[in-house]
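Colleague: Input: one structure, supplied below.
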Amino acid sequence: MRILLSDGLEKEAIKSLEEKGFEVVNEHYEAEELGEKLKDFDVLVVRSATKVRKPIIDKALEGGRLKLIIRGGVGVDNIDVDYAQNNGITVKNTPRASSISVAELTFGHIISVSRFIHIANVTMREGKWEKKKYEGFELYGKTLGLIGFGRIAQEVAKRAEAFGMKVIYTNLSGKVVDTFKFERCSLEELLRKSDYVSLHIPFDKAKGPVIGKEQLDMMKNTAFLINCARGGVVDEAALLEALNSNKIAGAAIDVFEEEPTKNEALINHPRVSVTPHIGASTIEAQGKIGMEVVNIIEEFAK
Ligand SMILES: NC(=O)c1ccc[n+]([C@@H]2O[C@H](COP(=O)([O-])OP(=O)(O)OC[C@H]3O[C@@H](n4cnc5c(N)ncnc54)[C@H](O)[C@@H]3O)[C@@H](O)[C@H]2O)c1
Ligand SMILES: O=C(O)CC[C@@H](O)C(=O)O
């Protein structure tokens, strides 16, 4: 079997695939070239950078070899999943491997915006000592509202408990664990009550943003919005407007509508903590993703 790693893979996983006799090509191709190249591959492995849209799948189908696409990660919004599957290509992901890493980054951002860590890092390097300006907030006793209560949000909730926060959540499906500990509520109630609102849901292109002007207006003006889920789930223009008009206190963002983002106003905003989509970028998460990818391919090859 020939495997194309379009966005790389952890090196032990590549070694393991090669030792098992698979032919591995570790090369990123731009969209115009990718479909053509895929005519000669049985498996495609991607992270979030490669977009596997219908025209690429159509080209790949002409070769008649591509049978499996693996998303090394959780969100499959960069793949036209239904189209691939309707054309005989299996699509898999590695849903559990990065939950802890994303939860820890979420907490990093929550602490960063509460204590000005992100901006103090910038201003100190500019030679400033703005001690008086950076009077922040304790997390203890504050309410954290989680939008979506799946794998990542539940890890965030455990950490919030240790900080003495009250956790409330809203979730579309009923399948959640430990519900007795935390209060489930409507989105509106969550937005009105929370000091921190953190999103942990997939992006549904058909539904568009879950947080727009109307929802930001419902938030306390002392509240922070954290997005380590997907760019599209928050309307960036509405968020910028809410920040500029002091409708909310601040925001933290790991994921953007367009990546790499060109939204200079948002990323340079002094009350915004930003990272370049690194939720799953830890040694541990990438190691687990790599091993899961190897297992999926081995299983598929049987
Ligand atoms: N920043 C990163 O690098 C990174 C890494 C991994 C995952 N993610 C994102 O995090 C998302 C969540 O991951 P997970 O593993 O926790 O997923 P999950 O499937 O375990 O949980 C998502 C939950 O959200 C619920 N949900 C969906 N839409 C909703 C809505 N509009 N309102 C309320 N609840 C809703 C679902 O019912 C589900 O229970 C992924 O889809 C992905 O987009 C980001
Ligand atoms: O692969 C990445 O770079 C990000 C992964 C993350 O967004 C996911 O959905 O798993």
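Simple scheme: letters A, B, ... for chains in structure tokens order, numbers from 1 for residues in each chain, numbers from 1 for ligands in the order shown.
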Where in range 80-230 of chain A does DSSP assign helix (DSSP H, G or I), given as a ChimeraX atom specification?

Modeller: /A:81-86,99-115,117-125,131-133,151-162,187-193,213-218

Colleague: Counting only C-alpha atoms and all ligand atoms, name the residues that have an atom within 8 Å of an atom of ligand 2; the answer should be given as a ChimeraX atom specification.

Modeller: /A:46-49,71-76,94-95,98,229-230,255,277-281

Colleague: Closest to Glu298 in chain A among A:Leu68, A:Phe41, A:Leu5, A:Asn268, using only C-alpha atoms?

Modeller: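 So, comparing all the options, the nearest one is A:Leu68.
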
Colleague: Select, from A:Leu105, A:Ile69, A:Val113, A:Met218, the residue with the minimum atom-to-atom distance to ligand 1, counting only C-alpha atoms and all ligand atoms.

Modeller: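 So, comparing all the options, the nearest one is A:Leu105.
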
Colleague: From a backbone DSSP assignment, name each residue in range 192-225 of chain A labelled strand (DSSP E), as a list in words.

Modeller: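 DSSP on the backbone gives strand (DSSP E) at Tyr196, Val197, Ser198, Leu199, Phe224 and Leu225 of chain A.
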
Colleague: Could you please take those selected residues and save C-alpha atoms as a PDB file, in the first residue's frame?

Modeller:
ATOM      1  CA  TYR A 196     -15.656  32.605  30.866  1.00  0.00           C
ATOM      2  CA  VAL A 197     -17.341  31.075  27.814  1.00  0.00           C
ATOM      3  CA  SER A 198     -15.312  28.353  26.104  1.00  0.00           C
ATOM      4  CA  LEU A 199     -16.309  26.603  22.869  1.00  0.00           C
ATOM      5  CA  PHE A 224     -14.046  36.379  28.313  1.00  0.00           C
ATOM      6  CA  LEU A 225     -14.628  34.259  25.213  1.00  0.00           C
TER       7      LEU A 225
END

Colleague: Report as JSON lines the residues of chain A within 9 Å of ligand 1, each with its shortest atom pair and distance in Å (one decimal), using only C-alpha atoms and all ligand atoms, ordered by chain and increasing residue number.

Modeller:
{"residue": "A:Ser48", "atom": "CA", "partner": "ligand 1", "partner_atom_place_in_ligand_line": "3 (O)", "distance": 8.7}
{"residue": "A:Gly73", "atom": "CA", "partner": "ligand 1", "partner_atom_place_in_ligand_line": "6 (C)", "distance": 6.1}
{"residue": "A:Val74", "atom": "CA", "partner": "ligand 1", "partner_atom_place_in_ligand_line": "7 (C)", "distance": 4.9}
{"residue": "A:Gly75", "atom": "CA", "partner": "ligand 1", "partner_atom_place_in_ligand_line": "42 (C)", "distance": 4.2}
{"residue": "A:Val76", "atom": "CA", "partner": "ligand 1", "partner_atom_place_in_ligand_line": "41 (O)", "distance": 7.5}
{"residue": "A:Asp77", "atom": "CA", "partner": "ligand 1", "partner_atom_place_in_ligand_line": "43 (O)", "distance": 7.6}
{"residue": "A:Pro95", "atom": "CA", "partner": "ligand 1", "partner_atom_place_in_ligand_line": "15 (O)", "distance": 5.6}
{"residue": "A:Arg96", "atom": "CA", "partner": "ligand 1", "partner_atom_place_in_ligand_line": "15 (O)", "distance": 6.4}
{"residue": "A:Ala97", "atom": "CA", "partner": "ligand 1", "partner_atom_place_in_ligand_line": "6 (C)", "distance": 8.6}
{"residue": "A:Ser98", "atom": "CA", "partner": "ligand 1", "partner_atom_place_in_ligand_line": "6 (C)", "distance": 5.9}
{"residue": "A:Ser99", "atom": "CA", "partner": "ligand 1", "partner_atom_place_in_ligand_line": "15 (O)", "distance": 5.9}
{"residue": "A:Ser101", "atom": "CA", "partner": "ligand 1", "partner_atom_place_in_ligand_line": "5 (C)", "distance": 7.9}
{"residue": "A:Val102", "atom": "CA", "partner": "ligand 1", "partner_atom_place_in_ligand_line": "5 (C)", "distance": 5.6}
{"residue": "A:Ala103", "atom": "CA", "partner": "ligand 1", "partner_atom_place_in_ligand_line": "5 (C)", "distance": 9.0}
{"residue": "A:Leu105", "atom": "CA", "partner": "ligand 1", "partner_atom_place_in_ligand_line": "1 (N)", "distance": 8.3}
{"residue": "A:Thr106", "atom": "CA", "partner": "ligand 1", "partner_atom_place_in_ligand_line": "1 (N)", "distance": 8.6}
{"residue": "A:Leu146", "atom": "CA", "partner": "ligand 1", "partner_atom_place_in_ligand_line": "33 (C)", "distance": 8.5}
{"residue": "A:Ile147", "atom": "CA", "partner": "ligand 1", "partner_atom_place_in_ligand_line": "33 (C)", "distance": 5.1}
{"residue": "A:Gly148", "atom": "CA", "partner": "ligand 1", "partner_atom_place_in_ligand_line": "34 (N)", "distance": 3.6}
{"residue": "A:Phe149", "atom": "CA", "partner": "ligand 1", "partner_atom_place_in_ligand_line": "23 (C)", "distance": 5.0}
{"residue": "A:Gly150", "atom": "CA", "partner": "ligand 1", "partner_atom_place_in_ligand_line": "21 (O)", "distance": 3.2}
{"residue": "A:Arg151", "atom": "CA", "partner": "ligand 1", "partner_atom_place_in_ligand_line": "20 (O)", "distance": 3.9}
{"residue": "A:Ile152", "atom": "CA", "partner": "ligand 1", "partner_atom_place_in_ligand_line": "16 (O)", "distance": 3.7}
{"residue": "A:Ala153", "atom": "CA", "partner": "ligand 1", "partner_atom_place_in_ligand_line": "16 (O)", "distance": 5.6}
{"residue": "A:Gln154", "atom": "CA", "partner": "ligand 1", "partner_atom_place_in_ligand_line": "16 (O)", "distance": 7.6}
{"residue": "A:Glu155", "atom": "CA", "partner": "ligand 1", "partner_atom_place_in_ligand_line": "16 (O)", "distance": 8.7}
{"residue": "A:Tyr169", "atom": "CA", "partner": "ligand 1", "partner_atom_place_in_ligand_line": "33 (C)", "distance": 8.4}
{"residue": "A:Thr170", "atom": "CA", "partner": "ligand 1", "partner_atom_place_in_ligand_line": "33 (C)", "distance": 5.3}
{"residue": "A:Asn171", "atom": "CA", "partner": "ligand 1", "partner_atom_place_in_ligand_line": "34 (N)", "distance": 3.5}
{"residue": "A:Leu172", "atom": "CA", "partner": "ligand 1", "partner_atom_place_in_ligand_line": "34 (N)", "distance": 4.1}
{"residue": "A:Ser173", "atom": "CA", "partner": "ligand 1", "partner_atom_place_in_ligand_line": "37 (O)", "distance": 4.1}
{"residue": "A:Gly174", "atom": "CA", "partner": "ligand 1", "partner_atom_place_in_ligand_line": "37 (O)", "distance": 7.2}
{"residue": "A:Lys175", "atom": "CA", "partner": "ligand 1", "partner_atom_place_in_ligand_line": "39 (O)", "distance": 6.6}
{"residue": "A:Val176", "atom": "CA", "partner": "ligand 1", "partner_atom_place_in_ligand_line": "39 (O)", "distance": 6.9}
{"residue": "A:Leu187", "atom": "CA", "partner": "ligand 1", "partner_atom_place_in_ligand_line": "32 (N)", "distance": 7.5}
{"residue": "A:Leu199", "atom": "CA", "partner": "ligand 1", "partner_atom_place_in_ligand_line": "10 (O)", "distance": 7.9}
{"residue": "A:His200", "atom": "CA", "partner": "ligand 1", "partner_atom_place_in_ligand_line": "12 (C)", "distance": 4.5}
{"residue": "A:Ile201", "atom": "CA", "partner": "ligand 1", "partner_atom_place_in_ligand_line": "24 (O)", "distance": 4.1}
{"residue": "A:Pro202", "atom": "CA", "partner": "ligand 1", "partner_atom_place_in_ligand_line": "41 (O)", "distance": 3.3}
{"residue": "A:Phe203", "atom": "CA", "partner": "ligand 1", "partner_atom_place_in_ligand_line": "43 (O)", "distance": 6.0}
{"residue": "A:Asp204", "atom": "CA", "partner": "ligand 1", "partner_atom_place_in_ligand_line": "28 (N)", "distance": 7.7}
{"residue": "A:Lys207", "atom": "CA", "partner": "ligand 1", "partner_atom_place_in_ligand_line": "31 (N)", "distance": 8.4}
{"residue": "A:Pro209", "atom": "CA", "partner": "ligand 1", "partner_atom_place_in_ligand_line": "31 (N)", "distance": 8.7}
{"residue": "A:Val210", "atom": "CA", "partner": "ligand 1", "partner_atom_place_in_ligand_line": "31 (N)", "distance": 6.0}
{"residue": "A:Asn227", "atom": "CA", "partner": "ligand 1", "partner_atom_place_in_ligand_line": "1 (N)", "distance": 7.9}
{"residue": "A:Cys228", "atom": "CA", "partner": "ligand 1", "partner_atom_place_in_ligand_line": "1 (N)", "distance": 4.3}
{"residue": "A:Ala229", "atom": "CA", "partner": "ligand 1", "partner_atom_place_in_ligand_line": "9 (C)", "distance": 3.8}
{"residue": "A:Arg230", "atom": "CA", "partner": "ligand 1", "partner_atom_place_in_ligand_line": "43 (O)", "distance": 4.9}
{"residue": "A:Gly231", "atom": "CA", "partner": "ligand 1", "partner_atom_place_in_ligand_line": "43 (O)", "distance": 8.6}
{"residue": "A:Val233", "atom": "CA", "partner": "ligand 1", "partner_atom_place_in_ligand_line": "31 (N)", "distance": 8.4}
{"residue": "A:Ile253", "atom": "CA", "partner": "ligand 1", "partner_atom_place_in_ligand_line": "1 (N)", "distance": 8.8}
{"residue": "A:Asp254", "atom": "CA", "partner": "ligand 1", "partner_atom_place_in_ligand_line": "1 (N)", "distance": 5.8}
{"residue": "A:Val255", "atom": "CA", "partner": "ligand 1", "partner_atom_place_in_ligand_line": "1 (N)", "distance": 6.0}
{"residue": "A:Pro276", "atom": "CA", "partner": "ligand 1", "partner_atom_place_in_ligand_line": "1 (N)", "distance": 8.9}
{"residue": "A:His277", "atom": "CA", "partner": "ligand 1", "partner_atom_place_in_ligand_line": "3 (O)", "distance": 5.2}
{"residue": "A:Ile278", "atom": "CA", "partner": "ligand 1", "partner_atom_place_in_ligand_line": "3 (O)", "distance": 5.1}
{"residue": "A:Gly279", "atom": "CA", "partner": "ligand 1", "partner_atom_place_in_ligand_line": "3 (O)", "distance": 3.3}
{"residue": "A:Ala280", "atom": "CA", "partner": "ligand 1", "partner_atom_place_in_ligand_line": "3 (O)", "distance": 4.5}
{"residue": "A:Ser281", "atom": "CA", "partner": "ligand 1", "partner_atom_place_in_ligand_line": "3 (O)", "distance": 7.1}

Colleague: Pick out the closest residue to Lys166 in chain A from this set: A:Ile248, A:Met219, A:Leu144, A:Leu190. Count only C-alpha atoms.

Modeller: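 Answer, going by the shortest atom-to-atom distance: A:Leu144.
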
Colleague: From the options A:Ser114, A:Asn93, A:Ser6, A:Ser194, which residue's atoms come nearest to Thr143 in chain A, counting only C-alpha atoms?

Modeller: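 Closest residue, counting only C-alpha atoms: A:Ser194.
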
Colleague: Considering only C-alpha atoms, return as a ChimeraX atom specification whatever protein or nucleic-acid residues lie within 12 Å of Ala237 in chain A, sequence-local ones (same chain, fewer than 4 positions apart) excluded.

Modeller: /A:209,211-213,216,231-232,241-244,256-257,263-266

Colleague: Got time to write the residues from that selection, N, CA and C atoms, as a short mmCIF file (atom, residue, chain, number, x, y, z; two decimals), in the first residue's frame?

Modeller:
data_model
loop_
_atom_site.label_atom_id
_atom_site.label_comp_id
_atom_site.auth_asym_id
_atom_site.auth_seq_id
_atom_site.Cartn_x
_atom_site.Cartn_y
_atom_site.Cartn_z
N PRO A 209 -21.71 30.39 12.26
CA PRO A 209 -21.21 30.65 13.61
C PRO A 209 -22.25 30.41 14.70
N ILE A 211 -21.54 31.66 17.77
CA ILE A 211 -21.42 32.92 18.51
C ILE A 211 -21.30 34.07 17.50
N GLY A 212 -22.32 34.92 17.48
CA GLY A 212 -22.33 36.13 16.65
C GLY A 212 -22.70 37.31 17.53
N LYS A 213 -23.11 38.41 16.92
CA LYS A 213 -23.42 39.64 17.67
C LYS A 213 -24.47 39.39 18.76
N LEU A 216 -22.98 37.54 21.64
CA LEU A 216 -21.99 38.35 22.37
C LEU A 216 -22.69 39.41 23.21
N GLY A 231 -12.40 27.94 13.79
CA GLY A 231 -12.58 29.34 13.44
C GLY A 231 -14.02 29.72 13.16
N GLY A 232 -14.68 28.96 12.35
CA GLY A 232 -16.03 29.31 11.91
C GLY A 232 -17.09 29.36 12.99
N GLU A 241 -15.82 43.64 17.06
CA GLU A 241 -16.72 44.75 17.41
C GLU A 241 -17.05 44.71 18.91
N ALA A 242 -17.30 43.52 19.44
CA ALA A 242 -17.63 43.38 20.87
C ALA A 242 -16.43 43.77 21.74
N LEU A 243 -15.23 43.47 21.26
CA LEU A 243 -14.02 43.84 22.02
C LEU A 243 -13.81 45.35 21.98
N ASN A 244 -13.95 45.92 20.78
CA ASN A 244 -13.72 47.36 20.61
C ASN A 244 -14.74 48.21 21.35
N PHE A 256 -8.95 30.13 13.65
CA PHE A 256 -9.40 31.32 12.94
C PHE A 256 -10.24 30.96 11.72
N GLU A 257 -11.06 31.94 11.27
CA GLU A 257 -11.91 31.71 10.10
C GLU A 257 -11.06 31.31 8.89
N ASN A 263 -6.27 38.48 9.99
CA ASN A 263 -7.04 39.41 10.81
C ASN A 263 -6.15 40.13 11.82
N GLU A 264 -5.37 41.10 11.30
CA GLU A 264 -4.38 41.82 12.12
C GLU A 264 -5.02 42.51 13.32
N ALA A 265 -6.21 43.10 13.09
CA ALA A 265 -6.87 43.85 14.17
C ALA A 265 -7.18 42.92 15.34
N LEU A 266 -7.61 41.73 15.03
CA LEU A 266 -7.96 40.78 16.09
C LEU A 266 -6.71 40.26 16.82
#

Colleague: So which one's closest to Gly64 in chain A, A:Ile100, A:Val274, A:Ile89, A:Val52? Using only C-alpha atoms, please.

Modeller: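 Looking only at the distances to Gly64 in chain A, the closest residue turns out to be A:Ile89.
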